[in-house]
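File shown: upload_5.cif (mmCIF, C-alpha atoms).
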```cif
data_work
loop_
_atom_site.label_atom_id
_atom_site.label_comp_id
_atom_site.auth_asym_id
_atom_site.auth_seq_id
_atom_site.Cartn_x
_atom_site.Cartn_y
_atom_site.Cartn_z
CA MET Y 1 0.00 0.00 0.00
CA ALA Y 2 1.41 3.39 -1.05
CA LEU Y 3 1.96 5.97 1.67
CA PRO Y 4 0.75 9.56 1.20
CA PRO Y 5 3.54 11.78 -0.18
CA GLN Y 6 4.65 14.05 2.66
CA GLN Y 7 7.60 15.89 4.09
CA GLN Y 8 8.64 17.18 7.50
CA GLN Y 9 11.52 19.20 8.82
CA PRO Y 10 14.14 17.11 10.66
CA PRO Y 11 13.95 15.46 13.13
CA GLY Y 12 10.24 14.96 12.39
CA THR Y 13 7.36 14.35 14.82
CA GLU Y 14 4.80 11.64 15.39
CA SER Y 15 1.98 14.17 15.45
CA ALA Y 16 2.61 15.12 11.80
CA LEU Y 17 3.00 11.54 10.54
CA GLU Y 18 0.29 10.27 8.18
CA PRO Y 19 -0.75 7.58 8.73
CA LYS Y 20 0.23 7.34 12.38
CA ALA Y 21 2.84 4.73 13.23
CA ASP Y 22 1.88 1.74 15.36
CA HIS Y 23 4.09 1.41 18.44
CA GLY Y 24 2.00 -1.35 19.98
CA GLU Y 25 -0.05 1.06 22.08
CA HIS Y 26 -3.18 -1.04 21.66
CA SER Y 27 -1.68 -4.42 20.78
CA TYR Y 28 1.46 -5.24 22.79
CA ARG Y 29 0.80 -7.56 25.72
CA GLY Y 30 3.56 -8.10 28.25
CA SER Y 31 4.24 -11.30 30.18
CA GLY Y 32 6.82 -10.25 32.77
CA ARG Y 33 9.86 -11.08 30.67
CA LEU Y 34 11.79 -8.01 31.90
CA GLU Y 35 10.33 -7.82 35.40
CA GLY Y 36 12.44 -5.61 37.65
CA LYS Y 37 14.99 -4.62 35.02
CA ALA Y 38 16.25 -1.07 34.44
CA ALA Y 39 16.61 -0.04 30.80
CA VAL Y 40 18.09 2.86 28.84
CA VAL Y 41 16.69 3.47 25.34
CA THR Y 42 18.07 6.26 23.17
CA GLY Y 43 15.73 7.92 20.71
CA GLY Y 44 12.69 6.79 22.67
CA ASP Y 45 10.39 9.64 21.72
CA SER Y 46 9.22 8.08 18.44
CA GLY Y 47 9.60 5.22 16.01
CA ILE Y 48 11.42 2.04 17.02
CA GLY Y 49 12.70 3.57 20.26
CA LYS Y 50 9.19 4.45 21.38
CA ALA Y 51 7.90 0.96 20.58
CA VAL Y 52 10.82 -0.57 22.48
CA ALA Y 53 10.25 1.67 25.52
CA LEU Y 54 6.55 0.76 25.57
CA ALA Y 55 7.23 -2.97 25.18
CA PHE Y 56 9.95 -2.94 27.85
CA ALA Y 57 7.60 -1.23 30.29
CA ARG Y 58 4.80 -3.69 29.64
CA GLU Y 59 7.30 -6.49 30.24
CA GLY Y 60 8.11 -5.03 33.65
CA ALA Y 61 11.12 -2.74 33.12
CA ASP Y 62 11.65 0.83 34.27
CA VAL Y 63 12.79 2.95 31.32
CA LEU Y 64 15.01 5.98 30.91
CA PHE Y 65 14.86 7.24 27.34
CA THR Y 66 16.53 10.07 25.48
CA HIS Y 67 15.18 12.57 22.97
CA LEU Y 68 16.15 15.82 21.30
CA PRO Y 69 14.80 18.95 23.02
CA GLU Y 70 12.55 19.71 20.05
CA GLU Y 71 10.92 16.28 20.43
CA ALA Y 72 9.53 17.04 23.89
CA GLU Y 73 5.88 16.58 22.91
CA ASP Y 74 6.49 13.10 21.53
CA ALA Y 75 8.63 12.31 24.58
CA ARG Y 76 5.76 13.17 26.92
CA ASP Y 77 3.58 10.68 25.09
CA THR Y 78 6.19 7.93 25.44
CA ALA Y 79 6.51 8.67 29.16
CA ARG Y 80 2.74 8.45 29.53
CA TRP Y 81 2.63 4.97 27.97
CA VAL Y 82 5.51 3.75 30.16
CA GLU Y 83 3.81 5.08 33.29
CA ASP Y 84 0.45 3.64 32.23
CA ALA Y 85 2.20 0.25 32.32
CA GLY Y 86 3.00 0.91 35.97
CA ARG Y 87 6.71 1.51 35.43
CA LYS Y 88 9.02 4.44 36.08
CA ALA Y 89 9.71 6.72 33.09
CA VAL Y 90 12.64 9.13 32.92
CA ALA Y 91 12.92 11.35 29.83
CA VAL Y 92 16.31 12.97 29.21
CA PRO Y 93 16.56 15.68 26.52
CA GLY Y 94 19.82 16.48 24.77
CA ASP Y 95 22.09 15.74 21.82
CA LEU Y 96 23.88 12.38 21.85
CA ALA Y 97 26.42 13.74 19.36
CA ASP Y 98 28.02 15.28 22.46
CA PRO Y 99 30.05 12.67 24.40
CA ALA Y 100 29.41 14.56 27.63
CA HIS Y 101 25.69 14.14 27.15
CA CYS Y 102 26.12 10.39 26.64
CA ARG Y 103 27.87 10.23 30.00
CA GLU Y 104 25.13 12.36 31.56
CA VAL Y 105 22.47 9.94 30.28
CA VAL Y 106 24.20 7.04 32.00
CA ALA Y 107 24.65 9.04 35.20
CA ARG Y 108 20.94 9.92 35.20
CA ALA Y 109 20.04 6.25 34.77
CA VAL Y 110 22.30 5.15 37.61
CA ASP Y 111 20.87 7.89 39.82
CA ALA Y 112 17.29 6.83 38.98
CA PHE Y 113 17.71 3.05 39.04
CA GLY Y 114 21.01 2.28 40.78
CA ARG Y 115 22.21 0.16 37.84
CA ILE Y 116 21.65 -0.52 34.13
CA ASP Y 117 20.39 -3.92 33.01
CA VAL Y 118 19.66 -3.10 29.37
CA LEU Y 119 21.22 -0.47 27.12
CA VAL Y 120 19.60 0.13 23.73
CA SER Y 121 21.58 2.42 21.40
CA ASN Y 122 18.90 3.36 18.90
CA ALA Y 123 18.93 7.12 18.22
CA ALA Y 124 19.99 7.92 14.67
CA PHE Y 125 20.24 10.64 12.05
CA GLN Y 126 20.12 10.27 8.28
CA MET Y 127 19.70 12.53 5.27
CA THR Y 128 19.17 11.72 1.60
CA ARG Y 129 21.91 13.10 -0.67
CA ARG Y 130 22.10 12.22 -4.36
CA SER Y 131 25.83 12.80 -4.83
CA LEU Y 132 29.01 12.69 -2.78
CA GLU Y 133 29.56 16.41 -3.32
CA GLU Y 134 26.17 17.23 -1.78
CA ILE Y 135 27.09 15.76 1.61
CA PRO Y 136 28.24 18.62 3.86
CA ASP Y 137 31.31 17.85 5.97
CA GLU Y 138 29.44 18.78 9.14
CA GLU Y 139 26.58 16.42 8.21
CA TRP Y 140 29.03 13.53 7.86
CA ASP Y 141 30.55 14.36 11.26
CA HIS Y 142 27.13 14.71 12.89
CA THR Y 143 25.88 11.40 11.50
CA ILE Y 144 28.97 9.53 12.70
CA ALA Y 145 28.77 11.18 16.13
CA THR Y 146 25.05 10.54 16.62
CA ASN Y 147 24.74 7.04 15.21
CA LEU Y 148 28.10 5.43 15.93
CA SER Y 149 30.27 7.34 18.39
CA ALA Y 150 27.36 7.78 20.80
CA MET Y 151 27.15 4.02 21.27
CA PHE Y 152 30.84 3.88 22.14
CA HIS Y 153 30.48 6.64 24.74
CA LEU Y 154 27.27 5.15 26.17
CA CYS Y 155 28.77 1.68 26.48
CA LYS Y 156 32.01 2.94 28.00
CA ALA Y 157 30.07 4.82 30.67
CA ALA Y 158 27.41 2.14 31.25
CA VAL Y 159 29.41 -1.09 31.46
CA PRO Y 160 30.78 -0.37 34.97
CA HIS Y 161 27.14 -0.22 36.15
CA MET Y 162 26.05 -3.43 34.41
CA ARG Y 163 25.95 -6.81 36.16
CA PRO Y 164 26.30 -10.32 34.73
CA GLY Y 165 23.22 -11.02 32.64
CA ALA Y 166 22.98 -7.44 31.38
CA SER Y 167 22.35 -6.75 27.71
CA ILE Y 168 23.55 -4.20 25.15
CA ILE Y 169 21.47 -3.86 21.97
CA ALA Y 170 22.30 -1.70 18.96
CA SER Y 171 19.94 -0.66 16.18
CA SER Y 172 21.80 -1.60 13.02
CA SER Y 173 20.02 -1.74 9.63
CA VAL Y 174 19.53 -3.77 6.49
CA ASN Y 175 21.44 -0.86 4.92
CA SER Y 176 24.63 -2.15 6.51
CA ASP Y 177 24.56 -5.00 3.98
CA MET Y 178 22.52 -3.45 1.15
CA PRO Y 179 23.63 0.21 1.19
CA PRO Y 180 21.50 2.55 -0.94
CA PRO Y 181 23.87 5.21 -2.34
CA ALA Y 182 21.78 8.20 -1.23
CA LEU Y 183 22.27 7.36 2.47
CA LEU Y 184 26.05 6.92 2.47
CA PRO Y 185 26.94 8.31 5.95
CA TYR Y 186 24.02 6.50 7.58
CA ASN Y 187 24.96 3.21 5.93
CA VAL Y 188 28.53 3.49 7.20
CA THR Y 189 27.35 3.99 10.78
CA LYS Y 190 24.99 1.03 10.67
CA ALA Y 191 27.72 -1.26 9.39
CA GLY Y 192 29.99 0.12 12.11
CA LEU Y 193 27.44 -0.68 14.81
CA ALA Y 194 27.19 -4.29 13.65
CA ASN Y 195 30.97 -4.54 13.77
CA MET Y 196 31.15 -2.88 17.21
CA VAL Y 197 28.66 -5.39 18.58
CA GLY Y 198 30.84 -8.22 17.30
CA SER Y 199 33.78 -6.83 19.24
CA LEU Y 200 31.79 -6.06 22.38
CA SER Y 201 30.23 -9.51 22.54
CA GLN Y 202 33.73 -10.96 22.89
CA MET Y 203 35.27 -8.16 24.96
CA LEU Y 204 32.49 -8.24 27.58
CA ALA Y 205 31.87 -11.99 27.69
CA ASP Y 206 33.96 -12.52 30.81
CA ARG Y 207 31.78 -9.96 32.60
CA GLY Y 208 28.62 -11.83 31.64
CA ILE Y 209 27.36 -8.90 29.53
CA ARG Y 210 25.80 -9.76 26.18
CA ALA Y 211 25.91 -7.54 23.06
CA ASN Y 212 23.65 -7.96 20.02
CA SER Y 213 22.01 -5.89 17.32
CA VAL Y 214 18.72 -5.69 15.48
CA ALA Y 215 18.77 -4.90 11.76
CA PRO Y 216 15.45 -3.38 10.74
CA GLY Y 217 14.37 -2.97 7.15
CA PRO Y 218 12.06 -0.12 6.03
CA ILE Y 219 10.11 0.93 9.13
CA TRP Y 220 7.55 3.75 9.16
CA THR Y 221 8.81 6.48 11.51
CA PRO Y 222 9.13 10.30 11.44
CA LEU Y 223 12.72 9.84 10.24
CA ILE Y 224 11.38 8.88 6.81
CA PRO Y 225 9.37 11.95 5.77
CA SER Y 226 11.89 14.26 7.46
CA THR Y 227 14.88 12.93 5.50
CA MET Y 228 13.49 11.70 2.17
CA PRO Y 229 11.76 13.50 -0.73
CA PRO Y 230 7.94 13.11 -0.88
CA GLU Y 231 7.95 10.84 -3.93
CA GLN Y 232 10.37 8.47 -2.18
CA VAL Y 233 8.17 8.46 0.93
CA GLU Y 234 5.21 7.43 -1.21
CA ASP Y 235 7.04 4.28 -2.38
CA PHE Y 236 8.74 3.60 0.97
CA GLY Y 237 8.92 -0.11 1.75
CA GLY Y 238 6.95 -1.21 -1.27
CA GLU Y 239 9.95 -2.15 -3.37
CA GLN Y 240 12.61 -2.69 -0.70
CA ALA Y 241 10.80 -5.36 1.31
CA PRO Y 242 9.75 -8.67 -0.25
CA LEU Y 243 6.61 -8.49 1.91
CA GLY Y 244 5.73 -5.43 -0.15
CA ARG Y 245 5.22 -2.84 2.56
CA ALA Y 246 6.93 -0.81 5.24
CA GLY Y 247 7.01 -2.34 8.70
CA GLN Y 248 5.65 -0.73 11.84
CA PRO Y 249 7.72 0.00 14.96
CA ALA Y 250 5.52 -2.46 16.88
CA GLU Y 251 6.72 -5.22 14.57
CA VAL Y 252 10.37 -4.58 15.50
CA ALA Y 253 10.08 -4.20 19.28
CA PRO Y 254 9.68 -7.93 20.10
CA ALA Y 255 13.21 -8.62 18.80
CA TYR Y 256 14.58 -6.13 21.35
CA VAL Y 257 12.49 -7.71 24.11
CA LEU Y 258 13.97 -11.12 23.33
CA LEU Y 259 17.55 -9.83 23.37
CA ALA Y 260 16.96 -7.91 26.59
CA SER Y 261 15.41 -10.88 28.36
CA ASP Y 262 17.03 -13.73 30.27
CA GLU Y 263 15.63 -16.06 27.60
CA ALA Y 264 18.50 -14.82 25.39
CA SER Y 265 21.15 -15.80 27.95
CA TYR Y 266 23.21 -17.63 25.29
CA ILE Y 267 22.65 -15.14 22.49
CA SER Y 268 25.55 -12.72 22.08
CA GLY Y 269 27.24 -11.36 18.98
CA ALA Y 270 24.04 -11.92 16.98
CA ARG Y 271 22.15 -9.71 14.54
CA ILE Y 272 18.40 -10.21 14.18
CA ALA Y 273 16.94 -9.21 10.81
CA VAL Y 274 13.50 -7.59 10.92
CA THR Y 275 13.43 -6.68 7.25
CA GLY Y 276 10.19 -7.90 5.72
CA GLY Y 277 12.03 -10.70 3.94
CA GLN Y 278 15.32 -9.11 2.84
CA PRO Y 279 18.21 -11.37 3.93
CA ILE Y 280 21.26 -9.92 5.67
CA LEU Y 281 24.73 -11.39 6.00
#
```

Kindly present the structure from the file in structure tokens form.
Amino acid sequence: MALPPQQQQPPGTESALEPKADHGEHSYRGSGRLEGKAAVVTGGDSGIGKAVALAFAREGADVLFTHLPEEAEDARDTARWVEDAGRKAVAVPGDLADPAHCREVVARAVDAFGRIDVLVSNAAFQMTRRSLEEIPDEEWDHTIATNLSAMFHLCKAAVPHMRPGASIIASSSVNSDMPPPALLPYNVTKAGLANMVGSLSQMLADRGIRANSVAPGPIWTPLIPSTMPPEQVEDFGGEQAPLGRAGQPAEVAPAYVLLASDEASYISGARIAVTGGQPIL
């Protein structure tokens, strides 16, 4: 089904998205799989991060999530859904491109929860550029800092507060294996995250900390109309995914729940594809 052609200014908002994305608000049913855990989710105001925060809460976890200051309205909605599940919600505004803010996020989580059981590095920036010359130097730097370096700084700060059984989850992408040329900086970061997880899964094994990633395909979030031209939005997901449509954030969140749960106690160094049928390596 074709999506309505539309465009937003970055970073985009849920309120302007048409049709609205499904984060599992009225469908996700928890079963206590994360009971008593403390989770950090970056980019939790909308899209996949919002669906993950909601699912984690309904599975029994308290959730600290990050968002950009201009995404405060969407962040309030995420906090409401977490609290409606009977869990503690902590929303932290700021820019993860700043290493100091990454460290502040971890400090806020430790202050609120006393520890970190699950760290989800999900926040991301992308922009469509048709040629190499069109990519501004500062946009390259910002994309690397937000998508890739932030995970390094978050992990470095969080690991001392994680106990055996804790879980690190990165949002990679099908683009890490099948890179569309117009998203060059974004593609590089997503491949880098998959590689970082491979290193972390081995580096942290003796501490009992697992590291994995989820590789989504085309998922309907505000990132799409705020970073792609309207005609590309209209066709989004229809050609990329063998299932013939874009996925919803609610369809991705269960993979994060699995990796965060004790059921995944022997899963580390893995990458779960949620791509609508597109294989990844």

Inset, instruction - Kindly resolve the PyMOL selection byres ((chain Y and resi 101-103) around 9) on the present coordinates and return the residues as a VMD selection string. - result: chain Y and resid 94 to 100 104 to 108 150 to 151 153 to 154 156 to 158

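Distances to Ser199 in chain Y were evaluated for Y:Ile135, Y:Ala112, Y:Ala270, Y:Ala123 using all atoms listed in the file, and the minimum falls at Y:Ala270.
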
Legend entry - Selection: 7 Å around Pro230 in chain Y, all atoms listed in the file, excl. self and same-chain fewer than 5 positions, as a PyMOL selection string: chain Y and resi 5-7+225

With C-alpha atoms kept, could you save the residues just selected as a PDB file, keeping the file's coordinate frame?
```
ATOM      1  CA  PRO Y   5       3.540  11.780  -0.180  1.00  0.00           C
ATOM      2  CA  GLN Y   6       4.650  14.050   2.660  1.00  0.00           C
ATOM      3  CA  GLN Y   7       7.600  15.890   4.090  1.00  0.00           C
ATOM      4  CA  PRO Y 225       9.370  11.950   5.770  1.00  0.00           C
TER       5      PRO Y 225
END
```

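Take the candidates Y:Ala79, Y:Ile272, Y:Ala215, Y:Val90 and check each one against Ala38 in chain Y using all atoms listed in the file; the shortest distance goes to Y:Val90.
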
Inset, instruction - Please check which residues have atoms at most 10 Å from (32.9, -4.4, 22.8) in the file's coordinates, counting all atoms listed in the file, and write them as a count of residues only. - result: 20

Inset, instruction - Give me the residues within 9 Å of range 46-58 of chain Y as an NGL selection string, counting all atoms listed in the file and dropping any in the same chain fewer than 3 places off. - result: :Y and (13-14 or 21-25 or 28-35 or 37 or 39-43 or 61-65 or 67 or 71 or 74-75 or 78-79 or 81-89 or 120 or 122-123 or 171 or 219-223 or 248-254 or 256-257 or 260)

Legend entry - Non-local contacts of range 176-189 of chain Y (10 Å; all atoms listed in the file; under 2 positions in same chain excluded) as a ChimeraX atom specification: /Y:124-132,135,139-149,172-174,191-195,215,227-228,278-281

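Proximity to range 235-246 of chain Y at 6 Å, evaluated using only C-alpha atoms and with sequence-adjacent residues fewer than 5 positions away removed, yields Ala2, Pro218, Ile219, Gly276 and Gly277 of chain Y.
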
Selection from above, C-alpha atoms, as a PDB file, keeping the file's coordinate frame, can you write it?
```
ATOM      1  CA  ALA Y   2       1.410   3.390  -1.050  1.00  0.00           C
ATOM      2  CA  PRO Y 218      12.060  -0.120   6.030  1.00  0.00           C
ATOM      3  CA  ILE Y 219      10.110   0.930   9.130  1.00  0.00           C
ATOM      4  CA  GLY Y 276      10.190  -7.900   5.720  1.00  0.00           C
ATOM      5  CA  GLY Y 277      12.030 -10.700   3.940  1.00  0.00           C
TER       6      GLY Y 277
END
```

Legend entry - Which residue of Y:Pro164, Y:Pro216, Y:Pro10, Y:Gly208 approaches Thr275 in chain Y most closely, using all atoms listed in the file: Y:Pro216
